[in-house]
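Worksheet for the structure shown next.
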Amino acid sequence: MWARQYLSRFQFILLFTLVLAVPFTASRALAQEEPAAGAVVEKSARERDLRDQLQKILHELEDLQQAPAAGATGGAAAEPVQPSVVKESIEPTLAEPIPQYELSDVSIVSNRVQRRPEGLSLSATEQSETESQPTRTMKESMESLPGVVLRQANGPRDFSMMIRGQGAKTTFAVRDIKMYEDGFVQTQSDGLSRLDIHDPWFMRSVEVTRGASSSLYDNYALGGMVHFRTRRGSDINGVETFLSGGSFGYHKEGIAVGQQFENLDASLFVSNVGEDGFIRHSNYSTQTINLNLRFRIDDKQNFYFKAITNWLDAKVPTRLTQAQFTADHRQAGGTGTCTSTSCSDSERLAQRRLDRRTIVGGIYERQINANTVLTIEADYDVKDINQTFSQISDNVNPNFKHYADLRHDGRLFDMPLRSYVGFFLSNMEQEAQTFQNLADGYGTRGTLIQNSRGTIRNVGGRFREELEFLPKVTLAAGLGFEQSMLSVQSIAYTGGANPSPASANRTFTNWAPEMSLSWKPTEAHRHWVRASTGYGIPGFGNLLRNPVTGQPGTNFDLKPQKNLNFELGTESKLTQTLMVQLVGFWTFFKDELIAQAVSGTNTATVNADSSQYRGIEAFYDWRPMTGLRFSGAYTHIEAKYINFADRLNTAAGFLVRDGKNVPNVPTDVLNTKVAYDHAATGWGGWVEGSYYNSYFLNNSNTFSIPSYVVANVNIHKNFELKNSWFRFAKFYLELDNIADKKYAASGQVIGGETAGAAAGQQAFFAGYGRAIYGGVTFGLF
């Protein structure tokens, strides 16, 4: 029945898209005929050349504006902090600057070229990372970024994400990292983000700010910020269709419609994806729609409307114990036995995610004068969750979010000064019910276990100043403030009766200072030192478990988690063809939120007093000849508890974990890639390898996940087609996990003081075996 419903929905989507395509096609037919475009690779190279020329021109204009003149002061482009207007550095190209090809050249709302915040560790994917590929998950492209680790969670595109160790303990969705798409906040007010809603085929690039960044991005930016940028209408310039298929029943159908008019840039993306799954009981179907309309009201005003929605129907297997993984890593998991109070058999439970997420919003940009820009954002974000596991939960989260930013470029005693001030507020509600799963193979709801209703309100402000007090040397300082008010009421039931109410009303006040010093001695070098902070408040579930018994109750003493990040970085173009980035970081964590076994199998959230994460991030990009690229990203993290007493249960008491490694944090991650594209023929290909070192999964450091290496290879061919119906065609063929390596793609933090006790717990999701995919993208009209 669900398959028929989704099929009908997708047929309607395709019809709606084709109707929208008509005016785009007509506008192209009426437009003056243009010369045929060059090959895709030639276009990309030409685009980089034009961007470099544009940067040089803008820099010269900026110098003229900033030169002392009677009765006038110069100003550069306004400085953003809110990702809705994240900017690109405008640098002169007099001395072969650090390449900017991986960074978007304009603001989210308008076509203005604008600066980025100074003193940050930034990295971004190229669009080639999402072209001529299966685009199954965001991991395919984001694993090429230093400091970023994605691991399989409980859905087709649902991956947990880690930046510098932050977010490592989350085994589903994303926490401790703030996420945006085209300037719109994707993180709900309780700190939860999911990658389900982001289809990689829609993306122009993915940009990452690494390190604690709550002065810039508020609550939950403990690890940094991830910004997904979709392709614009001008990138599509007509209609594109994408068809892909491959191993384990994988198929994907997508269509993109886009065009840039005089005062409007419009793009619409639609995709349908399905798969039988590598692991048994992991088949899924998911559909995504993403609409973007950028209006140029007049020379000083712009408006951006965005609407995205995702439907997901996915079966979910159970994580495997070590013995199960060794015996059959593709099994659905579970013990095979169920009682009235305990069951882990995924097929008996009919484990499933039936979820919907929709975000609708707008960004208004007003240039008040030559040096001042006002930006206002508002969006409505609703998450409707129906998930069937050992218990069945129905959860609805409507969320309203509002931001107002004012950015000004001026001078202080003849020194360039970029200023920013912003205010924000958000409100999220939650209505949830939890039922017993009857474990009859159908996911039937049984006795009501719990219901709850809660509200989170966040309100705050921030400011930032960037002063170039010496030529090429910029001092940046910022401060963020936020007050969060949580109110939740819950009733737990025993046998459907005997109600046990619990409630929590907490107010958290957080401050986030930041300071950095950056130096650009030449256009080919950038160095920086930064000290920044992050914070993240507890969620509803954290506050509703008694910290002593683990039973429903109130956790009165729980504190927000906070971290202090120090980093020293350099980014340099060592030769005309070689660019490198190297960053060292040291992060001190205070009151980290930890799930702890407090009474038998009952768990509760506690604060680990202190821990530290330190390491290095390295990236290189070498292009020794036209079309040939060597690239790689390496991350090393050493994560240890400084002061933390763990408790297995009330009888065992507390166990000191000082000096132990923090579990589920990979120590070494390496990704390297060799790619070649021949401009004249359109042929291209690449070979890629990823390495993950072994790391511990329990606090006693007696049980670990095995290390592994996986290699992939891809060949593709681009055709330029000169007729009125087809503009181009891109074919690809990809082989993943060439050696058919058996490996655990992800683990989760587990208990157990000894290796034997830990080995019996559900820990692993198996990674995909050898798989082959093929597909084609057509550019139409």
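In the structure tokens, chains take the letters A, B, ... in the order shown, each chain's residues start at 1, and ligands count up from 1 in the order shown.
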
Please build the interface table for range 174-227 of chain A against range 443-456 of chain A with a cut-off of 10 Å, listing for each qualifying residue the nearest atom pair and the distance in Å to one decimal; count only C-alpha atoms, order rows by chain and increasing number, and write it as CSV.
```
residue,atom,partner,partner_atom,distance
A:Gln188,CA,A:Ile456,CA,10.0
A:Ser189,CA,A:Ile456,CA,6.7
A:Asp190,CA,A:Ile456,CA,7.0
```

Take the selection from the previous step and output its residues with all heavy atoms, as a short mmCIF file (atom, residue, chain, number, x, y, z; two decimals), in the first residue's frame.
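So the final result, stored in part-v8.cif, reads:
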```cif
data_model
loop_
_atom_site.label_atom_id
_atom_site.label_comp_id
_atom_site.auth_asym_id
_atom_site.auth_seq_id
_atom_site.Cartn_x
_atom_site.Cartn_y
_atom_site.Cartn_z
N GLN A 188 17.05 21.67 14.29
CA GLN A 188 15.90 22.11 15.07
C GLN A 188 16.33 22.61 16.44
O GLN A 188 17.47 22.42 16.87
CB GLN A 188 14.88 20.99 15.19
CG GLN A 188 14.15 20.69 13.88
CD GLN A 188 12.80 20.04 14.08
OE1 GLN A 188 12.68 19.01 14.73
NE2 GLN A 188 11.76 20.64 13.51
N SER A 189 15.41 23.25 17.14
CA SER A 189 15.75 23.93 18.39
C SER A 189 16.16 23.00 19.52
O SER A 189 16.63 23.45 20.56
CB SER A 189 14.57 24.80 18.85
OG SER A 189 14.33 25.83 17.92
N ASP A 190 15.98 21.69 19.34
CA ASP A 190 16.46 20.72 20.33
C ASP A 190 17.84 20.18 19.98
O ASP A 190 18.34 19.27 20.65
CB ASP A 190 15.47 19.57 20.49
CG ASP A 190 15.32 18.75 19.21
OD1 ASP A 190 15.75 19.21 18.14
OD2 ASP A 190 14.76 17.63 19.28
#
```

Could you find all residues in range 297-429 of chain A that DSSP calls strand (DSSP E) from the backbone, and write them as a PyMOL selection string?
chain A and resi 297-298+301-315+352-369+372-388+391-412+415-429

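Residues lying within 7 Å of Gly361 in chain A, counting only C-alpha atoms and ignoring same-chain neighbours fewer than 4 positions away, are Phe305, Lys306, Ala307, Ala378, Asp379 and Tyr380 of chain A.
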
Closest atom pairs, residues of range 527-581 of chain A within 8 Å of range 208-227 of chain A, only C-alpha atoms, as JSON lines:
```
{"residue": "A:Ser532", "atom": "CA", "partner": "A:Ala212", "partner_atom": "CA", "distance": 5.7}
{"residue": "A:Thr533", "atom": "CA", "partner": "A:Ala212", "partner_atom": "CA", "distance": 5.1}
{"residue": "A:Gly534", "atom": "CA", "partner": "A:Leu222", "partner_atom": "CA", "distance": 4.4}
{"residue": "A:Tyr535", "atom": "CA", "partner": "A:Tyr220", "partner_atom": "CA", "distance": 5.7}
{"residue": "A:Gly536", "atom": "CA", "partner": "A:Tyr220", "partner_atom": "CA", "distance": 4.4}
{"residue": "A:Ile537", "atom": "CA", "partner": "A:Asn219", "partner_atom": "CA", "distance": 7.4}
{"residue": "A:Lys562", "atom": "CA", "partner": "A:Leu222", "partner_atom": "CA", "distance": 7.4}
{"residue": "A:Asn563", "atom": "CA", "partner": "A:Leu222", "partner_atom": "CA", "distance": 6.7}
{"residue": "A:Leu564", "atom": "CA", "partner": "A:Ala212", "partner_atom": "CA", "distance": 7.0}
{"residue": "A:Asn565", "atom": "CA", "partner": "A:Ala212", "partner_atom": "CA", "distance": 5.9}
```

I'd like the contact shell of Glu240 in chain A - 9 Å cut-off, only C-alpha atoms, skipping same-chain residues fewer than 3 positions apart - returned as a list in words.
Ile236, Asn237, Gly254, Ile255, Ala256, Val257, Gly258, Thr777, Phe778, Gly779, Leu780 and Phe781 of chain A

Selected residues written out with N, CA and C atoms, as a short mmCIF file (atom, residue, chain, number, x, y, z; two decimals), in the first residue's frame:
```
data_model
loop_
_atom_site.label_atom_id
_atom_site.label_comp_id
_atom_site.auth_asym_id
_atom_site.auth_seq_id
_atom_site.Cartn_x
_atom_site.Cartn_y
_atom_site.Cartn_z
N ILE A 236 21.76 25.13 -13.83
CA ILE A 236 21.01 24.11 -14.57
C ILE A 236 20.69 24.57 -15.98
N ASN A 237 20.13 25.78 -16.08
CA ASN A 237 19.89 26.41 -17.38
C ASN A 237 19.03 25.56 -18.29
N GLY A 254 15.82 11.30 -10.85
CA GLY A 254 15.78 12.69 -10.44
C GLY A 254 15.55 13.61 -11.62
N ILE A 255 14.98 14.77 -11.33
CA ILE A 255 14.79 15.79 -12.36
C ILE A 255 15.06 17.15 -11.73
N ALA A 256 15.72 18.01 -12.49
CA ALA A 256 16.02 19.37 -12.04
C ALA A 256 15.59 20.34 -13.13
N VAL A 257 14.89 21.39 -12.72
CA VAL A 257 14.45 22.45 -13.64
C VAL A 257 15.01 23.75 -13.11
N GLY A 258 15.71 24.48 -13.95
CA GLY A 258 16.31 25.73 -13.48
C GLY A 258 16.55 26.72 -14.60
N THR A 777 23.07 11.32 -16.81
CA THR A 777 22.40 12.61 -16.64
C THR A 777 22.23 13.23 -18.01
N PHE A 778 21.02 13.64 -18.36
CA PHE A 778 20.75 14.32 -19.61
C PHE A 778 20.40 15.78 -19.34
N GLY A 779 21.02 16.67 -20.11
CA GLY A 779 20.63 18.06 -20.12
C GLY A 779 19.67 18.31 -21.26
N LEU A 780 18.44 18.70 -20.93
CA LEU A 780 17.39 18.82 -21.94
C LEU A 780 17.09 20.28 -22.24
N PHE A 781 16.55 20.48 -23.45
CA PHE A 781 16.04 21.77 -23.92
C PHE A 781 17.15 22.83 -23.86
#
```

Can you work out which one of A:Val488, A:Arg411, A:Ser121, A:Tyr743 has the shortest atom-to-atom distance to Thr326 in chain A, counting only C-alpha atoms?
A:Tyr743

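Using only C-alpha atoms, the smallest distance between any of A:Phe389, A:Thr358, A:Asn699, A:Glu753 and Ser342 in chain A comes from A:Phe389.
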
Just the number, please: distance in Å from CA of Asn714 in chain A to CA of Gln133 in chain A, one decimal.
7.9 Å

Contact check, range 233-283 of chain A to range 287-295 of chain A, at most 10 Å, counting only C-alpha atoms, closest pairs as CSV:
```
residue,atom,partner,partner_atom,distance
A:Gly233,CA,A:Asn292,CA,8.4
A:Lys252,CA,A:Gln287,CA,9.8
A:Glu253,CA,A:Gln287,CA,9.7
A:Gly254,CA,A:Thr288,CA,9.3
A:Ile255,CA,A:Ile289,CA,9.9
A:Ala256,CA,A:Asn290,CA,9.4
A:Val257,CA,A:Leu291,CA,9.6
A:Gly258,CA,A:Asn292,CA,9.3
A:Gln260,CA,A:Arg294,CA,9.3
A:Phe261,CA,A:Phe295,CA,9.6
A:Glu262,CA,A:Phe295,CA,9.4
A:Asn263,CA,A:Phe295,CA,5.8
A:Leu264,CA,A:Phe295,CA,4.7
A:Asp265,CA,A:Arg294,CA,5.0
A:Ala266,CA,A:Leu293,CA,4.6
A:Ser267,CA,A:Asn292,CA,5.2
A:Leu268,CA,A:Leu291,CA,4.5
A:Phe269,CA,A:Asn290,CA,5.0
A:Val270,CA,A:Ile289,CA,4.6
A:Ser271,CA,A:Thr288,CA,5.4
A:Asn272,CA,A:Gln287,CA,4.5
A:Val273,CA,A:Gln287,CA,6.4
A:Gly274,CA,A:Gln287,CA,8.9
```
